[in-house]
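Next comes target-v3.cif, with mmCIF, N, CA and C atoms and all ligand atoms.
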data_work
loop_
_atom_site.label_atom_id
_atom_site.label_comp_id
_atom_site.auth_asym_id
_atom_site.auth_seq_id
_atom_site.Cartn_x
_atom_site.Cartn_y
_atom_site.Cartn_z
N MET A 1 -231.05 87.11 -66.66
CA MET A 1 -232.48 87.41 -66.77
C MET A 1 -233.15 87.37 -65.39
N THR A 2 -232.89 86.34 -64.65
CA THR A 2 -233.52 86.21 -63.35
C THR A 2 -233.13 87.36 -62.43
N PHE A 3 -231.84 87.75 -62.51
CA PHE A 3 -231.36 88.82 -61.65
C PHE A 3 -232.09 90.15 -61.94
N ILE A 4 -232.27 90.44 -63.25
CA ILE A 4 -232.95 91.69 -63.62
C ILE A 4 -234.39 91.68 -63.08
N GLY A 5 -235.08 90.55 -63.22
CA GLY A 5 -236.45 90.47 -62.72
C GLY A 5 -236.50 90.71 -61.22
N ALA A 6 -235.58 90.13 -60.50
CA ALA A 6 -235.56 90.30 -59.04
C ALA A 6 -235.31 91.76 -58.68
N ALA A 7 -234.42 92.42 -59.43
CA ALA A 7 -234.13 93.82 -59.15
C ALA A 7 -235.38 94.68 -59.33
N LYS A 8 -236.16 94.37 -60.37
CA LYS A 8 -237.37 95.16 -60.59
C LYS A 8 -238.34 95.00 -59.42
N ILE A 9 -238.50 93.78 -58.97
CA ILE A 9 -239.42 93.55 -57.85
C ILE A 9 -238.94 94.32 -56.62
N GLU A 10 -237.63 94.29 -56.39
CA GLU A 10 -237.09 94.99 -55.23
C GLU A 10 -237.37 96.49 -55.31
N ASN A 11 -237.20 97.07 -56.51
CA ASN A 11 -237.47 98.50 -56.67
C ASN A 11 -238.93 98.82 -56.43
N GLN A 12 -239.84 97.96 -56.92
CA GLN A 12 -241.26 98.21 -56.71
C GLN A 12 -241.60 98.15 -55.22
N THR A 13 -240.99 97.22 -54.52
CA THR A 13 -241.24 97.10 -53.10
C THR A 13 -240.79 98.35 -52.37
N THR A 14 -239.63 98.87 -52.74
CA THR A 14 -239.12 100.08 -52.10
C THR A 14 -240.07 101.24 -52.33
N THR A 15 -240.56 101.38 -53.56
CA THR A 15 -241.47 102.47 -53.87
C THR A 15 -242.75 102.34 -53.04
N ASN A 16 -243.31 101.12 -52.98
CA ASN A 16 -244.54 100.94 -52.21
C ASN A 16 -244.31 101.22 -50.74
N ASP A 17 -243.16 100.80 -50.20
CA ASP A 17 -242.87 101.05 -48.79
C ASP A 17 -242.86 102.54 -48.49
N SER A 18 -242.24 103.35 -49.37
CA SER A 18 -242.16 104.78 -49.10
C SER A 18 -243.54 105.42 -49.18
N LYS A 19 -244.44 104.89 -50.04
CA LYS A 19 -245.80 105.44 -50.09
C LYS A 19 -246.59 105.06 -48.85
N GLU A 20 -246.32 103.87 -48.32
CA GLU A 20 -247.06 103.42 -47.14
C GLU A 20 -246.46 103.95 -45.85
N MET A 21 -245.23 104.44 -45.91
CA MET A 21 -244.54 104.97 -44.73
C MET A 21 -244.04 106.39 -45.04
N PRO A 22 -244.96 107.36 -45.07
CA PRO A 22 -244.52 108.73 -45.37
C PRO A 22 -243.55 109.25 -44.32
N LYS A 23 -242.73 110.22 -44.75
CA LYS A 23 -241.76 110.84 -43.85
C LYS A 23 -242.32 112.17 -43.35
N VAL A 24 -242.05 112.46 -42.10
CA VAL A 24 -242.44 113.74 -41.52
C VAL A 24 -241.20 114.37 -40.91
N ARG A 25 -240.86 115.57 -41.39
CA ARG A 25 -239.73 116.31 -40.82
C ARG A 25 -240.29 117.39 -39.91
N PHE A 26 -239.86 117.38 -38.66
CA PHE A 26 -240.31 118.36 -37.68
C PHE A 26 -239.24 119.44 -37.52
N LEU A 27 -239.66 120.69 -37.70
CA LEU A 27 -238.81 121.86 -37.53
C LEU A 27 -239.29 122.63 -36.30
N PRO A 28 -238.47 123.38 -35.60
CA PRO A 28 -237.06 123.62 -35.87
C PRO A 28 -236.13 122.52 -35.36
N LEU A 29 -236.68 121.43 -34.88
CA LEU A 29 -235.83 120.35 -34.35
C LEU A 29 -235.00 119.71 -35.45
N ASP A 30 -235.53 119.74 -36.68
CA ASP A 30 -234.92 119.10 -37.84
C ASP A 30 -234.75 117.59 -37.59
N VAL A 31 -235.84 116.99 -37.16
CA VAL A 31 -235.89 115.55 -36.94
C VAL A 31 -236.88 114.95 -37.92
N GLU A 32 -236.47 113.91 -38.62
CA GLU A 32 -237.35 113.26 -39.58
C GLU A 32 -237.72 111.87 -39.07
N VAL A 33 -239.02 111.57 -39.15
CA VAL A 33 -239.51 110.25 -38.75
C VAL A 33 -240.30 109.67 -39.91
N GLN A 34 -240.48 108.37 -39.89
CA GLN A 34 -241.27 107.69 -40.91
C GLN A 34 -242.37 106.95 -40.18
N VAL A 35 -243.61 107.13 -40.63
CA VAL A 35 -244.76 106.55 -39.92
C VAL A 35 -245.69 105.86 -40.91
N PRO A 36 -246.48 104.90 -40.45
CA PRO A 36 -247.46 104.28 -41.33
C PRO A 36 -248.46 105.31 -41.86
N LYS A 37 -248.80 105.18 -43.13
CA LYS A 37 -249.80 106.06 -43.73
C LYS A 37 -251.08 106.02 -42.89
N GLY A 38 -251.64 107.19 -42.61
CA GLY A 38 -252.87 107.27 -41.82
C GLY A 38 -252.62 107.59 -40.36
N THR A 39 -251.34 107.63 -39.95
CA THR A 39 -251.01 107.98 -38.56
C THR A 39 -251.43 109.43 -38.29
N ILE A 40 -252.01 109.66 -37.13
CA ILE A 40 -252.33 111.03 -36.72
C ILE A 40 -251.00 111.78 -36.50
N LEU A 41 -250.94 112.99 -37.02
CA LEU A 41 -249.69 113.75 -36.95
C LEU A 41 -249.20 113.93 -35.52
N LEU A 42 -250.10 114.19 -34.59
CA LEU A 42 -249.68 114.32 -33.19
C LEU A 42 -249.02 113.04 -32.70
N ASP A 43 -249.58 111.88 -33.05
CA ASP A 43 -249.01 110.60 -32.64
C ASP A 43 -247.66 110.37 -33.30
N ALA A 44 -247.53 110.82 -34.55
CA ALA A 44 -246.25 110.68 -35.24
C ALA A 44 -245.15 111.38 -34.45
N ALA A 45 -245.49 112.52 -33.86
CA ALA A 45 -244.52 113.25 -33.05
C ALA A 45 -244.30 112.55 -31.71
N LEU A 46 -245.36 112.36 -30.97
CA LEU A 46 -245.23 111.85 -29.59
C LEU A 46 -244.62 110.45 -29.56
N ASP A 47 -244.98 109.61 -30.52
CA ASP A 47 -244.45 108.24 -30.55
C ASP A 47 -242.95 108.23 -30.84
N ASN A 48 -242.43 109.36 -31.33
CA ASN A 48 -241.01 109.45 -31.64
C ASN A 48 -240.30 110.45 -30.72
N ASN A 49 -240.90 110.67 -29.54
CA ASN A 49 -240.31 111.54 -28.51
C ASN A 49 -240.10 112.97 -28.98
N ILE A 50 -240.97 113.43 -29.88
CA ILE A 50 -240.96 114.83 -30.29
C ILE A 50 -242.09 115.52 -29.54
N LYS A 51 -241.72 116.55 -28.80
CA LYS A 51 -242.70 117.19 -27.92
C LYS A 51 -243.59 118.15 -28.70
N ILE A 52 -244.89 117.92 -28.64
CA ILE A 52 -245.89 118.87 -29.10
C ILE A 52 -246.94 118.93 -27.99
N ASN A 53 -247.30 120.14 -27.60
CA ASN A 53 -248.33 120.27 -26.57
C ASN A 53 -249.62 119.60 -27.04
N HIS A 54 -250.38 119.06 -26.09
CA HIS A 54 -251.64 118.40 -26.44
C HIS A 54 -252.53 118.37 -25.19
N ASN A 55 -252.84 119.57 -24.74
CA ASN A 55 -253.51 119.72 -23.44
C ASN A 55 -254.86 119.00 -23.35
N CYS A 56 -255.57 118.85 -24.46
CA CYS A 56 -256.89 118.19 -24.39
C CYS A 56 -256.80 116.72 -24.74
N GLY A 57 -255.58 116.23 -24.93
CA GLY A 57 -255.41 114.81 -25.24
C GLY A 57 -255.77 114.44 -26.66
N GLY A 58 -255.74 115.40 -27.55
CA GLY A 58 -256.00 115.11 -28.96
C GLY A 58 -257.46 115.07 -29.33
N ASN A 59 -258.28 115.81 -28.61
CA ASN A 59 -259.73 115.79 -28.83
C ASN A 59 -260.27 117.05 -29.49
N CYS A 60 -259.42 117.84 -30.11
CA CYS A 60 -259.85 119.07 -30.80
C CYS A 60 -260.59 120.00 -29.85
N ALA A 61 -260.10 120.08 -28.63
CA ALA A 61 -260.75 120.92 -27.64
C ALA A 61 -259.79 121.95 -27.05
N CYS A 62 -258.64 122.14 -27.67
CA CYS A 62 -257.72 123.20 -27.29
C CYS A 62 -257.02 123.61 -28.59
N SER A 63 -255.98 124.38 -28.50
CA SER A 63 -255.26 124.69 -29.74
C SER A 63 -253.76 124.51 -29.51
N THR A 64 -253.42 123.78 -28.47
CA THR A 64 -252.01 123.69 -28.07
C THR A 64 -251.19 122.81 -29.01
N CYS A 65 -251.82 122.03 -29.88
CA CYS A 65 -251.07 121.19 -30.83
C CYS A 65 -250.95 121.89 -32.18
N HIS A 66 -251.14 123.21 -32.18
CA HIS A 66 -251.06 124.01 -33.41
C HIS A 66 -249.67 123.89 -34.05
N VAL A 67 -249.66 123.58 -35.34
CA VAL A 67 -248.41 123.50 -36.10
C VAL A 67 -248.60 124.17 -37.46
N HIS A 68 -247.49 124.49 -38.09
CA HIS A 68 -247.51 125.01 -39.47
C HIS A 68 -247.02 123.91 -40.39
N ILE A 69 -247.78 123.64 -41.45
CA ILE A 69 -247.42 122.59 -42.42
C ILE A 69 -246.68 123.27 -43.56
N GLU A 70 -245.37 123.14 -43.59
CA GLU A 70 -244.57 123.85 -44.59
C GLU A 70 -244.48 123.09 -45.90
N GLN A 71 -244.74 121.82 -45.88
CA GLN A 71 -244.80 121.04 -47.13
C GLN A 71 -245.83 119.93 -46.94
N GLY A 72 -246.70 119.77 -47.93
CA GLY A 72 -247.69 118.70 -47.90
C GLY A 72 -249.04 119.12 -47.34
N TYR A 73 -249.24 120.42 -47.18
CA TYR A 73 -250.49 120.93 -46.57
C TYR A 73 -251.73 120.38 -47.28
N ASP A 74 -251.71 120.39 -48.61
CA ASP A 74 -252.91 119.99 -49.37
C ASP A 74 -253.25 118.52 -49.19
N SER A 75 -252.29 117.71 -48.78
CA SER A 75 -252.57 116.28 -48.60
C SER A 75 -253.42 116.01 -47.36
N LEU A 76 -253.58 117.01 -46.50
CA LEU A 76 -254.24 116.79 -45.21
C LEU A 76 -255.76 116.93 -45.28
N GLY A 77 -256.28 117.38 -46.41
CA GLY A 77 -257.73 117.52 -46.53
C GLY A 77 -258.24 118.77 -45.83
N GLU A 78 -259.55 118.91 -45.87
CA GLU A 78 -260.20 120.11 -45.31
C GLU A 78 -260.21 120.05 -43.78
N LYS A 79 -260.15 121.24 -43.18
CA LYS A 79 -260.32 121.34 -41.72
C LYS A 79 -261.80 121.20 -41.38
N SER A 80 -262.07 120.59 -40.25
CA SER A 80 -263.45 120.54 -39.77
C SER A 80 -263.80 121.90 -39.17
N GLU A 81 -265.09 122.12 -38.94
CA GLU A 81 -265.53 123.36 -38.31
C GLU A 81 -264.95 123.48 -36.90
N ASP A 82 -264.90 122.35 -36.19
CA ASP A 82 -264.33 122.36 -34.84
C ASP A 82 -262.86 122.76 -34.86
N GLU A 83 -262.11 122.23 -35.84
CA GLU A 83 -260.70 122.58 -35.93
C GLU A 83 -260.54 124.07 -36.24
N GLU A 84 -261.36 124.58 -37.15
CA GLU A 84 -261.33 126.02 -37.47
C GLU A 84 -261.59 126.83 -36.20
N ASP A 85 -262.58 126.42 -35.43
CA ASP A 85 -262.92 127.15 -34.20
C ASP A 85 -261.76 127.14 -33.21
N MET A 86 -261.10 126.00 -33.07
CA MET A 86 -259.98 125.91 -32.13
C MET A 86 -258.78 126.72 -32.62
N LEU A 87 -258.56 126.71 -33.93
CA LEU A 87 -257.44 127.51 -34.46
C LEU A 87 -257.65 129.00 -34.24
N ASP A 88 -258.91 129.41 -34.15
CA ASP A 88 -259.19 130.83 -33.85
C ASP A 88 -258.61 131.23 -32.50
N GLU A 89 -258.39 130.25 -31.63
CA GLU A 89 -257.85 130.52 -30.29
C GLU A 89 -256.32 130.50 -30.26
N ALA A 90 -255.68 130.04 -31.33
CA ALA A 90 -254.23 129.89 -31.34
C ALA A 90 -253.53 131.20 -31.69
N GLU A 91 -252.24 131.26 -31.34
CA GLU A 91 -251.41 132.41 -31.72
C GLU A 91 -250.67 132.07 -33.01
N ASN A 92 -250.28 133.11 -33.72
CA ASN A 92 -249.46 132.95 -34.94
C ASN A 92 -250.10 132.01 -35.97
N VAL A 93 -251.41 132.13 -36.14
CA VAL A 93 -252.10 131.31 -37.14
C VAL A 93 -251.76 131.84 -38.54
N THR A 94 -251.46 130.92 -39.44
CA THR A 94 -251.15 131.29 -40.82
C THR A 94 -252.05 130.48 -41.76
N ASP A 95 -251.84 130.67 -43.06
CA ASP A 95 -252.62 129.92 -44.06
C ASP A 95 -252.31 128.43 -44.02
N VAL A 96 -251.20 128.05 -43.38
CA VAL A 96 -250.83 126.64 -43.34
C VAL A 96 -250.89 126.08 -41.91
N SER A 97 -251.71 126.71 -41.08
CA SER A 97 -251.88 126.24 -39.70
C SER A 97 -252.82 125.04 -39.66
N ARG A 98 -252.48 124.07 -38.84
CA ARG A 98 -253.37 122.93 -38.57
C ARG A 98 -253.18 122.51 -37.12
N LEU A 99 -254.14 121.73 -36.64
CA LEU A 99 -253.99 121.10 -35.33
C LEU A 99 -253.44 119.69 -35.58
N ALA A 100 -252.32 119.39 -34.96
CA ALA A 100 -251.65 118.11 -35.23
C ALA A 100 -252.53 116.91 -34.90
N CYS A 101 -253.45 117.08 -33.95
CA CYS A 101 -254.29 115.95 -33.56
C CYS A 101 -255.42 115.69 -34.55
N GLN A 102 -255.58 116.58 -35.52
CA GLN A 102 -256.69 116.44 -36.47
C GLN A 102 -256.20 116.09 -37.87
N CYS A 103 -254.91 115.79 -38.01
CA CYS A 103 -254.34 115.54 -39.34
C CYS A 103 -253.83 114.11 -39.44
N LYS A 104 -254.19 113.45 -40.55
CA LYS A 104 -253.64 112.13 -40.84
C LYS A 104 -252.50 112.28 -41.84
N VAL A 105 -251.40 111.62 -41.56
CA VAL A 105 -250.25 111.68 -42.46
C VAL A 105 -250.48 110.70 -43.61
N VAL A 106 -250.59 111.24 -44.83
CA VAL A 106 -250.78 110.38 -46.00
C VAL A 106 -249.68 110.59 -47.04
N GLU A 107 -248.93 111.67 -46.89
CA GLU A 107 -247.80 111.96 -47.78
C GLU A 107 -246.68 112.55 -46.92
N ASP A 108 -245.50 112.69 -47.52
CA ASP A 108 -244.39 113.33 -46.81
C ASP A 108 -244.79 114.75 -46.39
N LEU A 109 -244.38 115.12 -45.20
CA LEU A 109 -244.72 116.45 -44.66
C LEU A 109 -243.48 117.11 -44.08
N ILE A 110 -243.49 118.44 -44.11
CA ILE A 110 -242.56 119.22 -43.30
C ILE A 110 -243.42 120.06 -42.37
N VAL A 111 -243.21 119.90 -41.08
CA VAL A 111 -244.07 120.48 -40.05
C VAL A 111 -243.22 121.36 -39.13
N ARG A 112 -243.63 122.60 -38.96
CA ARG A 112 -242.93 123.48 -38.03
C ARG A 112 -243.76 123.69 -36.77
N ILE A 113 -243.15 123.44 -35.64
CA ILE A 113 -243.79 123.73 -34.36
C ILE A 113 -243.54 125.21 -34.08
N PRO A 114 -244.61 126.03 -34.05
CA PRO A 114 -244.38 127.47 -33.89
C PRO A 114 -243.82 127.82 -32.51
N GLU A 115 -243.00 128.87 -32.47
CA GLU A 115 -242.39 129.28 -31.20
C GLU A 115 -243.43 129.56 -30.14
N SER A 116 -244.61 130.02 -30.54
CA SER A 116 -245.65 130.34 -29.56
C SER A 116 -246.10 129.11 -28.80
N GLU A 117 -245.79 127.92 -29.30
CA GLU A 117 -246.18 126.68 -28.62
C GLU A 117 -245.04 126.10 -27.78
N PHE A 118 -243.88 126.79 -27.74
CA PHE A 118 -242.74 126.27 -26.99
C PHE A 118 -242.87 126.43 -25.49
N ASP A 119 -243.68 127.40 -25.05
CA ASP A 119 -243.70 127.81 -23.65
C ASP A 119 -243.77 126.65 -22.67
N ASP A 120 -244.64 125.70 -22.94
CA ASP A 120 -244.86 124.62 -21.98
C ASP A 120 -244.02 123.38 -22.26
N LEU A 121 -243.14 123.46 -23.23
CA LEU A 121 -242.46 122.25 -23.68
C LEU A 121 -241.16 121.96 -22.96
N ASP A 122 -240.63 122.92 -22.20
CA ASP A 122 -239.39 122.68 -21.47
C ASP A 122 -238.29 122.23 -22.43
N LEU A 123 -238.09 122.99 -23.51
CA LEU A 123 -237.07 122.65 -24.50
C LEU A 123 -235.74 123.26 -24.11
N ASP A 124 -234.68 122.55 -24.35
CA ASP A 124 -233.34 123.09 -24.19
C ASP A 124 -232.96 123.77 -25.49
N ASP A 125 -231.96 124.65 -25.41
CA ASP A 125 -231.47 125.28 -26.64
C ASP A 125 -230.99 124.22 -27.63
N ASP A 126 -230.47 123.10 -27.09
CA ASP A 126 -229.98 122.04 -27.96
C ASP A 126 -231.11 121.39 -28.75
N ASP A 127 -232.36 121.51 -28.27
CA ASP A 127 -233.50 120.92 -28.96
C ASP A 127 -233.90 121.71 -30.18
N LEU A 128 -233.48 122.97 -30.25
CA LEU A 128 -233.95 123.85 -31.33
C LEU A 128 -232.95 123.97 -32.44
S1 LIG B 201 -254.44 118.36 -28.57
FE1 LIG B 201 -256.03 119.74 -28.13
S2 LIG B 201 -256.69 120.36 -30.08
FE2 LIG B 201 -255.09 118.99 -30.53
#

As a first step, turn the structure in this file into structure tokens.
Ligand code: FES
Amino acid sequence: MTFIGAAKIENQTTTNDSKEMPKVRFLPLDVEVQVPKGTILLDAALDNNIKINHNCGGNCACSTCHVHIEQGYDSLGEKSEDEEDMLDEAENVTDVSRLACQCKVVEDLIVRIPESEFDDLDLDDDDL
């Protein structure tokens, strides 16, 4: 009896941990990281040595952190007017485009860094 009860608690803890630590998979690198819920998407990348341009330092004043959210887009909430304005300056904007510095990670995401943002990243072929 005691063992079964302990197993249940362990399972609940695992479930809560995964909700509090969503996973983010970055493509085309195919690298997955786990970050505390509420982490800014740009920080989730940079803190894990994943290169995303961020020329304005994450202040929604450029469009160099433009990414495509391939899974979990709806969890990110509405774009601000400033983000919409900055995305107008980006290349290859799609229906799932966001600025990584303006998104909080609250659920698992799959994020693609568009090729148009590779120019300044000094990526090796092995990185892709
Ligand atoms: S880093 Fe400039 S808009 Fe995100």

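For the pair atom C of Gly58 in chain A and atom C of Glu84 in chain A, the interatomic distance is 14.2 Å.
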
Using only C-alpha atoms and all ligand atoms, find each residue in chain A having at least one atom no more than 7 Å away from ligand LIG 201 (chain B); report its shortest atom-to-atom pair and that distance in Å (one decimal), rows by chain then rising number, as a tab-separated table.
residue	atom	partner	partner_atom	distance
A:Asn53	CA	B:LIG201	S1	6.7
A:His54	CA	B:LIG201	S1	3.5
A:Asn55	CA	B:LIG201	FE1	5.3
A:Cys56	CA	B:LIG201	FE1	4.1
A:Gly57	CA	B:LIG201	S1	5.0
A:Gly58	CA	B:LIG201	S1	3.6
A:Asn59	CA	B:LIG201	FE1	5.5
A:Cys60	CA	B:LIG201	S2	3.5
A:Ala61	CA	B:LIG201	S2	4.8
A:Cys62	CA	B:LIG201	FE1	3.9
A:Ser63	CA	B:LIG201	S2	4.6
A:Thr64	CA	B:LIG201	FE1	5.6
A:Cys65	CA	B:LIG201	FE2	4.6
A:Met86	CA	B:LIG201	S2	6.8
A:Leu99	CA	B:LIG201	FE2	5.4
A:Ala100	CA	B:LIG201	FE2	5.9
A:Cys101	CA	B:LIG201	FE2	4.4
A:Gln102	CA	B:LIG201	FE2	6.7

Cut-off 8 Å around (-243.5, 112.0, -43.0) with only N, CA and C atoms: residues as JSON, numbers by chain: {"A": [21, 22, 23, 24, 25, 26, 32, 33, 34, 35, 105, 106, 107, 108, 109, 110]}

Polymer residues at most 7 Å from (-258.1, 114.0, -42.0) by only C-alpha atoms, as a PyMOL selection string: chain A and resi 76-77+102-104

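Relative to atom N of Asp74 in chain A, atom N of Ala90 in chain A is found at 20.2 Å.
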
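If only C-alpha atoms are the atoms counted, then among A:Lys37, A:Arg98, A:Lys79, A:His68 the closest residue to Arg112 in chain A is A:His68.
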
Two-atom distance - atom N of Asn49 in chain A, atom C of Val96 in chain A (Å): 22.1 Å

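Take the candidates A:Ser97, A:Ser116, A:Thr39, A:Asn92 and check each one against Gln71 in chain A using only C-alpha atoms; the shortest distance goes to A:Ser97.
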
I need the residues of range 30-119 of chain A that end up classed as strand (DSSP E) by DSSP on the backbone, written out as an mmCIF file with N, CA and C atoms, keeping the file's coordinate frame.
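Once everything was written out, this is out_21.cif:
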data_model
loop_
_atom_site.group_PDB
_atom_site.id
_atom_site.type_symbol
_atom_site.label_atom_id
_atom_site.label_comp_id
_atom_site.auth_asym_id
_atom_site.auth_seq_id
_atom_site.Cartn_x
_atom_site.Cartn_y
_atom_site.Cartn_z
ATOM 1 N N VAL A 31 -235.840 116.990 -37.160
ATOM 2 C CA VAL A 31 -235.890 115.550 -36.940
ATOM 3 C C VAL A 31 -236.880 114.950 -37.920
ATOM 4 N N GLU A 32 -236.470 113.910 -38.620
ATOM 5 C CA GLU A 32 -237.350 113.260 -39.580
ATOM 6 C C GLU A 32 -237.720 111.870 -39.070
ATOM 7 N N VAL A 33 -239.020 111.570 -39.150
ATOM 8 C CA VAL A 33 -239.510 110.250 -38.750
ATOM 9 C C VAL A 33 -240.300 109.670 -39.910
ATOM 10 N N GLN A 34 -240.480 108.370 -39.890
ATOM 11 C CA GLN A 34 -241.270 107.690 -40.910
ATOM 12 C C GLN A 34 -242.370 106.950 -40.180
ATOM 13 N N HIS A 66 -251.140 123.210 -32.180
ATOM 14 C CA HIS A 66 -251.060 124.010 -33.410
ATOM 15 C C HIS A 66 -249.670 123.890 -34.050
ATOM 16 N N VAL A 67 -249.660 123.580 -35.340
ATOM 17 C CA VAL A 67 -248.410 123.500 -36.100
ATOM 18 C C VAL A 67 -248.600 124.170 -37.460
ATOM 19 N N HIS A 68 -247.490 124.490 -38.090
ATOM 20 C CA HIS A 68 -247.510 125.010 -39.470
ATOM 21 C C HIS A 68 -247.020 123.910 -40.390
ATOM 22 N N ILE A 69 -247.780 123.640 -41.450
ATOM 23 C CA ILE A 69 -247.420 122.590 -42.420
ATOM 24 C C ILE A 69 -246.680 123.270 -43.560
ATOM 25 N N GLU A 70 -245.370 123.140 -43.590
ATOM 26 C CA GLU A 70 -244.570 123.850 -44.590
ATOM 27 C C GLU A 70 -244.480 123.090 -45.900
ATOM 28 N N GLN A 71 -244.740 121.820 -45.880
ATOM 29 C CA GLN A 71 -244.800 121.040 -47.130
ATOM 30 C C GLN A 71 -245.830 119.930 -46.940
ATOM 31 N N SER A 97 -251.710 126.710 -41.080
ATOM 32 C CA SER A 97 -251.880 126.240 -39.700
ATOM 33 C C SER A 97 -252.820 125.040 -39.660
ATOM 34 N N ARG A 98 -252.480 124.070 -38.840
ATOM 35 C CA ARG A 98 -253.370 122.930 -38.570
ATOM 36 C C ARG A 98 -253.180 122.510 -37.120
ATOM 37 N N LEU A 99 -254.140 121.730 -36.640
ATOM 38 C CA LEU A 99 -253.990 121.100 -35.330
ATOM 39 C C LEU A 99 -253.440 119.690 -35.580
ATOM 40 N N LEU A 109 -244.380 115.120 -45.200
ATOM 41 C CA LEU A 109 -244.720 116.450 -44.660
ATOM 42 C C LEU A 109 -243.480 117.110 -44.080
ATOM 43 N N ILE A 110 -243.490 118.440 -44.110
ATOM 44 C CA ILE A 110 -242.560 119.220 -43.300
ATOM 45 C C ILE A 110 -243.420 120.060 -42.370
ATOM 46 N N VAL A 111 -243.210 119.900 -41.080
ATOM 47 C CA VAL A 111 -244.070 120.480 -40.050
ATOM 48 C C VAL A 111 -243.220 121.360 -39.130
ATOM 49 N N ARG A 112 -243.630 122.600 -38.960
ATOM 50 C CA ARG A 112 -242.930 123.480 -38.030
ATOM 51 C C ARG A 112 -243.760 123.690 -36.770
#

Please define a box with edges along x, y and z of the file around all atoms of range 20-29 of chain A given in the file, extend it by 8 Å on each side, and return its centre and edge lengths in Å to one decimal, as JSON.
{"center_x": -241.0, "center_y": 113.5, "center_z": -41.3, "size_x": 28.1, "size_y": 36.2, "size_z": 30.0}
